[in-house]
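A quick write-up on the structure given underneath.
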Amino acid sequence: MPLSPDDIAAIGRKIGYVFKDKALLETCFTHASYANTHGTANNERLEFLGDAVLGFLAAEALFEGTEQDEGRMTELRQKMVSEKPLRAVVESAGLDRYLLCGGKDVAGGKAVSSLFEALTAGIYLDGGMEEARRFVQRSLFPYVRQAAAERNDKGDLQEFLQARGEARAVYTVIAQEGAPHMPRFRVEASAMGKRAQGEGKSKAEAEKAAARSLLEKLKR
């Protein structure tokens, strides 16, 4: 079923923007699997344009808001506009429920993240770059900042090792102290012939601390 007036109103409230061109909005939400069956336009061209607009807005935000070098900004931009954060924003806003697709088996993953790209392009075409910028800043950037604040030390260490063709780090609990209800763990992480230790109130916390310390040592 196409989007109803109630759907269109609800989407407007969720994205903080009211489309002047309702047909364009519906195209943003139309997956190729639905379009092929119903003879309508799909959102693939919008996805293409939205990817470029998103890339620009992410680069602009990094250039104006950080002092990172080109390599690091490129890495951060790729993470900001990758499938995971785009999909998370769409799902957290409940926008995926309005996606017009050929079946539930195609309604996840890339189809959901592509919806964000298509919406970005749709808003850009309907209201201009400033409206697109507001939409992305309001919906995506807070999520990205929150995700960036949540350090993934073990993941960062693994990426560092993987990029150099090295084996995964090995984590070993070398001490557990304290009362049962207030334990303290000490873990050693080893990779590339080097070792580092970390402590924490849980094994996972100690592993993260050890990974952070080892990565700093390996980068010297």
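Just so we're on the same page: first chain in the structure tokens is A, next is B, and so on; residues restart at 1 for each chain, and ligands are numbered from 1 in the order they show up.
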
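Residues in contact with range 49-66 of chain A at 6 Å, where only C-alpha atoms are counted and same-chain residues fewer than 5 positions away are skipped, are listed as Arg77, Glu117, Ala118, Thr120 and Ala121 of chain A.
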
Go ahead and write the residues just picked, C-alpha atoms, as a PDB file, in the first residue's frame.
ATOM      1  CA  ARG A  77      33.780  10.190   7.420  1.00  0.00           C
ATOM      2  CA  GLU A 117      20.426   8.310   2.086  1.00  0.00           C
ATOM      3  CA  ALA A 118      17.285   8.618  -0.038  1.00  0.00           C
ATOM      4  CA  THR A 120      18.684  13.095   2.689  1.00  0.00           C
ATOM      5  CA  ALA A 121      18.554  13.480  -1.090  1.00  0.00           C
TER       6      ALA A 121
END

Counting only C-alpha atoms, which residues of range 13-113 of chain A fall within 7 Å of range 125-133 of chain A, and what is the closest atom pair for each with its distance in Å at one decimal, ordered by chain and rising number, as JSON lines?
{"residue": "A:Phe19", "atom": "CA", "partner": "A:Asp126", "partner_atom": "CA", "distance": 6.6}
{"residue": "A:Lys20", "atom": "CA", "partner": "A:Asp126", "partner_atom": "CA", "distance": 6.7}
{"residue": "A:Asp21", "atom": "CA", "partner": "A:Asp126", "partner_atom": "CA", "distance": 6.7}
{"residue": "A:Leu57", "atom": "CA", "partner": "A:Arg133", "partner_atom": "CA", "distance": 6.7}

Checklist entry - Could you pull the residues within 12 Å of Ser92 in chain A, counting only C-alpha atoms, minus those fewer than 3 positions along the same chain, as a ChimeraX atom specification? => result /A:14-15,85-89,95-97,112-113,116,139-140,143

Take the selection from the previous step and output its residues with N, CA and C atoms, as a PDB file, in the first residue's frame.
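Heads up, here's the output in part-v5.pdb:
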ATOM      1  N   LYS A  14       8.610  12.892  12.441  1.00  0.00           N
ATOM      2  CA  LYS A  14       9.797  12.132  12.833  1.00  0.00           C
ATOM      3  C   LYS A  14      11.080  12.729  12.265  1.00  0.00           C
ATOM      4  N   ILE A  15      11.014  13.225  11.037  1.00  0.00           N
ATOM      5  CA  ILE A  15      12.228  13.757  10.413  1.00  0.00           C
ATOM      6  C   ILE A  15      12.386  15.256  10.619  1.00  0.00           C
ATOM      7  N   PRO A  85      25.488   3.111  11.345  1.00  0.00           N
ATOM      8  CA  PRO A  85      24.846   4.289  11.954  1.00  0.00           C
ATOM      9  C   PRO A  85      23.599   4.740  11.209  1.00  0.00           C
ATOM     10  N   LEU A  86      23.599   4.646   9.878  1.00  0.00           N
ATOM     11  CA  LEU A  86      22.420   5.064   9.121  1.00  0.00           C
ATOM     12  C   LEU A  86      21.225   4.178   9.457  1.00  0.00           C
ATOM     13  N   ARG A  87      21.471   2.898   9.529  1.00  0.00           N
ATOM     14  CA  ARG A  87      20.392   1.968   9.866  1.00  0.00           C
ATOM     15  C   ARG A  87      19.887   2.212  11.291  1.00  0.00           C
ATOM     16  N   ALA A  88      20.811   2.458  12.220  1.00  0.00           N
ATOM     17  CA  ALA A  88      20.420   2.682  13.609  1.00  0.00           C
ATOM     18  C   ALA A  88      19.528   3.915  13.744  1.00  0.00           C
ATOM     19  N   VAL A  89      19.847   4.985  13.011  1.00  0.00           N
ATOM     20  CA  VAL A  89      19.046   6.206  13.082  1.00  0.00           C
ATOM     21  C   VAL A  89      17.647   5.963  12.535  1.00  0.00           C
ATOM     22  N   LEU A  95      11.298   4.834  11.299  1.00  0.00           N
ATOM     23  CA  LEU A  95      11.008   5.160   9.906  1.00  0.00           C
ATOM     24  C   LEU A  95      10.940   3.917   9.025  1.00  0.00           C
ATOM     25  N   ASP A  96      11.605   2.847   9.453  1.00  0.00           N
ATOM     26  CA  ASP A  96      11.643   1.633   8.636  1.00  0.00           C
ATOM     27  C   ASP A  96      10.255   1.010   8.463  1.00  0.00           C
ATOM     28  N   ARG A  97       9.330   1.312   9.355  1.00  0.00           N
ATOM     29  CA  ARG A  97       7.983   0.737   9.257  1.00  0.00           C
ATOM     30  C   ARG A  97       7.228   1.266   8.042  1.00  0.00           C
ATOM     31  N   VAL A 112      17.374  -0.525   4.682  1.00  0.00           N
ATOM     32  CA  VAL A 112      17.054   0.435   5.744  1.00  0.00           C
ATOM     33  C   VAL A 112      18.053   1.587   5.752  1.00  0.00           C
ATOM     34  N   SER A 113      19.351   1.269   5.661  1.00  0.00           N
ATOM     35  CA  SER A 113      20.347   2.348   5.646  1.00  0.00           C
ATOM     36  C   SER A 113      20.206   3.205   4.388  1.00  0.00           C
ATOM     37  N   PHE A 116      17.847   6.207   4.634  1.00  0.00           N
ATOM     38  CA  PHE A 116      18.376   7.464   5.171  1.00  0.00           C
ATOM     39  C   PHE A 116      19.025   8.276   4.060  1.00  0.00           C
ATOM     40  N   SER A 139      19.614  14.392  13.160  1.00  0.00           N
ATOM     41  CA  SER A 139      19.329  12.964  13.300  1.00  0.00           C
ATOM     42  C   SER A 139      20.571  12.089  13.377  1.00  0.00           C
ATOM     43  N   LEU A 140      21.531  12.311  12.487  1.00  0.00           N
ATOM     44  CA  LEU A 140      22.691  11.417  12.410  1.00  0.00           C
ATOM     45  C   LEU A 140      23.838  11.822  13.314  1.00  0.00           C
ATOM     46  N   TYR A 143      23.918  10.771  17.034  1.00  0.00           N
ATOM     47  CA  TYR A 143      24.169   9.340  17.176  1.00  0.00           C
ATOM     48  C   TYR A 143      25.650   9.034  16.975  1.00  0.00           C
TER      49      TYR A 143
END

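Coordinates place CA of Glu75 in chain A at a distance of 23.8 Å from CA of Leu119 in chain A.
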
Checklist entry - Taking only C-alpha atoms into account, which of A:Asp153, A:Glu177, A:Glu83, A:Asp7 comes nearest Gly109 in chain A? => result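 Distance minimum relative to Gly109 in chain A lands on A:Glu83.
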
Checklist entry - If you measure from CA of His38 in chain A to CA of Ala93 in chain A, what distance in Å do you get, rounded to one decimal? => result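 Here the two named atoms are 26.7 Å from each other.
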
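The spacing separating CA of Glu47 in chain A from CA of Ser82 in chain A amounts to 13.0 Å.
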
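Within range 170-216 of chain A, DSSP applied to the backbone places the following residues in alpha helix (DSSP H): Lys203, Ala204, Glu205, Ala206, Glu207, Lys208, Ala209, Ala210, Ala211, Arg212, Ser213, Leu214, Leu215 and Glu216 of chain A.
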
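Distances to Gln137 in chain A were evaluated for A:Arg220, A:Met80, A:Cys28, A:Ala211 using only C-alpha atoms, and the minimum falls at A:Met80.
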
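Using only C-alpha atoms, the nearest neighbour of Lys22 in chain A within the list A:Ala179, A:Gln78, A:Gly71, A:Ile123 is A:Ile123.
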
Next on the checklist: Using only C-alpha atoms, which protein or nucleic acid residues come within 9 Å of Glu207 in chain A? Drop anything in the same chain fewer than 5 positions from it, and give the result as a PyMOL selection string.
Outcome noted: chain A and resi 153-154+171-173+185-189+197-200+202+212

I'd like the contact shell of Arg168 in chain A - 10 Å cut-off, only C-alpha atoms, skipping same-chain residues fewer than 6 positions apart - returned as a PDB file with C-alpha atoms, in the first residue's frame.
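Generated file (result.pdb):
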ATOM      1  CA  LEU A 157      43.384  -2.882  18.646  1.00  0.00           C
ATOM      2  CA  GLN A 158      41.990  -5.592  16.385  1.00  0.00           C
ATOM      3  CA  GLU A 159      41.701  -3.151  13.467  1.00  0.00           C
ATOM      4  CA  PHE A 160      45.298  -2.068  14.026  1.00  0.00           C
ATOM      5  CA  LEU A 161      46.532  -5.677  13.990  1.00  0.00           C
ATOM      6  CA  GLN A 162      44.352  -6.705  11.067  1.00  0.00           C
ATOM      7  CA  SER A 190      49.673  -9.576  24.042  1.00  0.00           C
ATOM      8  CA  ALA A 191      50.283  -9.115  20.310  1.00  0.00           C
ATOM      9  CA  MET A 192      53.231  -8.535  17.960  1.00  0.00           C
TER      10      MET A 192
END

Checklist entry - Counting only C-alpha atoms, which of A:Ala23, A:Arg184, A:Gly102, A:Ala10 gets nearest to Asn36 in chain A? => result A:Gly102

Checklist outcome for this item: Nearest to Ala175 in chain A, restricted to only C-alpha atoms and choosing among A:Leu99, A:Val18, A:Ala206, A:Leu215, comes out as A:Ala206

Checklist entry - Which of these, A:Val144, A:Ile11, A:Pro2, A:Glu26, has the shortest distance to Val81 in chain A once you count only C-alpha atoms? => result A:Val144

Next on the checklist: So that I can check the surroundings of Ala35 in chain A, please list as a ChimeraX atom specification every protein, DNA and RNA residue that reaches within 12 Å of it, counting only C-alpha atoms and ignoring chain neighbours fewer than 3 positions away.
Outcome noted: /A:1-2,26-32,38-44,99-103

Using only N, CA and C atoms, please write the residues we just selected to a file, as a PDB file, in the first residue's frame.
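Generated file (again35.pdb):
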ATOM      1  N   MET A   1       0.853  -1.205   0.000  1.00  0.00           N
ATOM      2  CA  MET A   1       0.000   0.000   0.000  1.00  0.00           C
ATOM      3  C   MET A   1       0.885   1.250   0.000  1.00  0.00           C
ATOM      4  N   PRO A   2       0.542   2.265  -0.832  1.00  0.00           N
ATOM      5  CA  PRO A   2       1.285   3.522  -0.795  1.00  0.00           C
ATOM      6  C   PRO A   2       1.128   4.213   0.562  1.00  0.00           C
ATOM      7  N   GLU A  26       7.300   9.872  -1.137  1.00  0.00           N
ATOM      8  CA  GLU A  26       6.940   8.464  -1.302  1.00  0.00           C
ATOM      9  C   GLU A  26       8.025   7.707  -2.066  1.00  0.00           C
ATOM     10  N   THR A  27       8.641   8.365  -3.038  1.00  0.00           N
ATOM     11  CA  THR A  27       9.723   7.723  -3.768  1.00  0.00           C
ATOM     12  C   THR A  27      10.902   7.427  -2.849  1.00  0.00           C
ATOM     13  N   CYS A  28      11.157   8.322  -1.903  1.00  0.00           N
ATOM     14  CA  CYS A  28      12.229   8.084  -0.927  1.00  0.00           C
ATOM     15  C   CYS A  28      12.029   6.758  -0.188  1.00  0.00           C
ATOM     16  N   PHE A  29      10.782   6.399   0.056  1.00  0.00           N
ATOM     17  CA  PHE A  29      10.454   5.212   0.834  1.00  0.00           C
ATOM     18  C   PHE A  29      10.158   3.980  -0.040  1.00  0.00           C
ATOM     19  N   THR A  30      10.362   4.093  -1.339  1.00  0.00           N
ATOM     20  CA  THR A  30      10.004   2.997  -2.241  1.00  0.00           C
ATOM     21  C   THR A  30      11.224   2.191  -2.667  1.00  0.00           C
ATOM     22  N   HIS A  31      11.319   0.976  -2.160  1.00  0.00           N
ATOM     23  CA  HIS A  31      12.408   0.064  -2.518  1.00  0.00           C
ATOM     24  C   HIS A  31      12.146  -0.500  -3.912  1.00  0.00           C
ATOM     25  N   ALA A  32      13.221  -0.890  -4.597  1.00  0.00           N
ATOM     26  CA  ALA A  32      13.094  -1.409  -5.964  1.00  0.00           C
ATOM     27  C   ALA A  32      12.191  -2.640  -6.025  1.00  0.00           C
ATOM     28  N   HIS A  38       4.844  -2.805  -8.649  1.00  0.00           N
ATOM     29  CA  HIS A  38       3.747  -1.853  -8.761  1.00  0.00           C
ATOM     30  C   HIS A  38       3.954  -0.809  -9.868  1.00  0.00           C
ATOM     31  N   GLY A  39       5.066  -0.894 -10.574  1.00  0.00           N
ATOM     32  CA  GLY A  39       5.282   0.029 -11.687  1.00  0.00           C
ATOM     33  C   GLY A  39       5.490   1.465 -11.276  1.00  0.00           C
ATOM     34  N   THR A  40       6.168   1.677 -10.156  1.00  0.00           N
ATOM     35  CA  THR A  40       6.430   3.039  -9.679  1.00  0.00           C
ATOM     36  C   THR A  40       7.933   3.304  -9.671  1.00  0.00           C
ATOM     37  N   ALA A  41       8.301   4.540  -9.392  1.00  0.00           N
ATOM     38  CA  ALA A  41       9.720   4.895  -9.281  1.00  0.00           C
ATOM     39  C   ALA A  41      10.276   4.341  -7.981  1.00  0.00           C
ATOM     40  N   ASN A  42      11.567   3.985  -7.975  1.00  0.00           N
ATOM     41  CA  ASN A  42      12.205   3.512  -6.742  1.00  0.00           C
ATOM     42  C   ASN A  42      13.210   4.549  -6.238  1.00  0.00           C
ATOM     43  N   ASN A  43      13.778   4.269  -5.071  1.00  0.00           N
ATOM     44  CA  ASN A  43      14.638   5.263  -4.421  1.00  0.00           C
ATOM     45  C   ASN A  43      16.129   5.099  -4.719  1.00  0.00           C
ATOM     46  N   GLU A  44      16.497   4.286  -5.714  1.00  0.00           N
ATOM     47  CA  GLU A  44      17.913   4.019  -5.956  1.00  0.00           C
ATOM     48  C   GLU A  44      18.671   5.256  -6.437  1.00  0.00           C
ATOM     49  N   LEU A  99       8.720   1.828   5.077  1.00  0.00           N
ATOM     50  CA  LEU A  99       9.435   1.428   3.867  1.00  0.00           C
ATOM     51  C   LEU A  99       8.556   0.531   3.000  1.00  0.00           C
ATOM     52  N   LEU A 100       8.376   0.917   1.758  1.00  0.00           N
ATOM     53  CA  LEU A 100       7.585   0.135   0.815  1.00  0.00           C
ATOM     54  C   LEU A 100       8.512  -0.833   0.103  1.00  0.00           C
ATOM     55  N   CYS A 101       8.353  -2.117   0.381  1.00  0.00           N
ATOM     56  CA  CYS A 101       9.240  -3.115  -0.202  1.00  0.00           C
ATOM     57  C   CYS A 101       8.454  -4.368  -0.561  1.00  0.00           C
ATOM     58  N   GLY A 102       9.117  -5.262  -1.302  1.00  0.00           N
ATOM     59  CA  GLY A 102       8.440  -6.443  -1.815  1.00  0.00           C
ATOM     60  C   GLY A 102       8.224  -7.540  -0.809  1.00  0.00           C
ATOM     61  N   GLY A 103       8.768  -7.432   0.385  1.00  0.00           N
ATOM     62  CA  GLY A 103       8.596  -8.456   1.409  1.00  0.00           C
ATOM     63  C   GLY A 103       9.527  -8.220   2.571  1.00  0.00           C
TER      64      GLY A 103
END
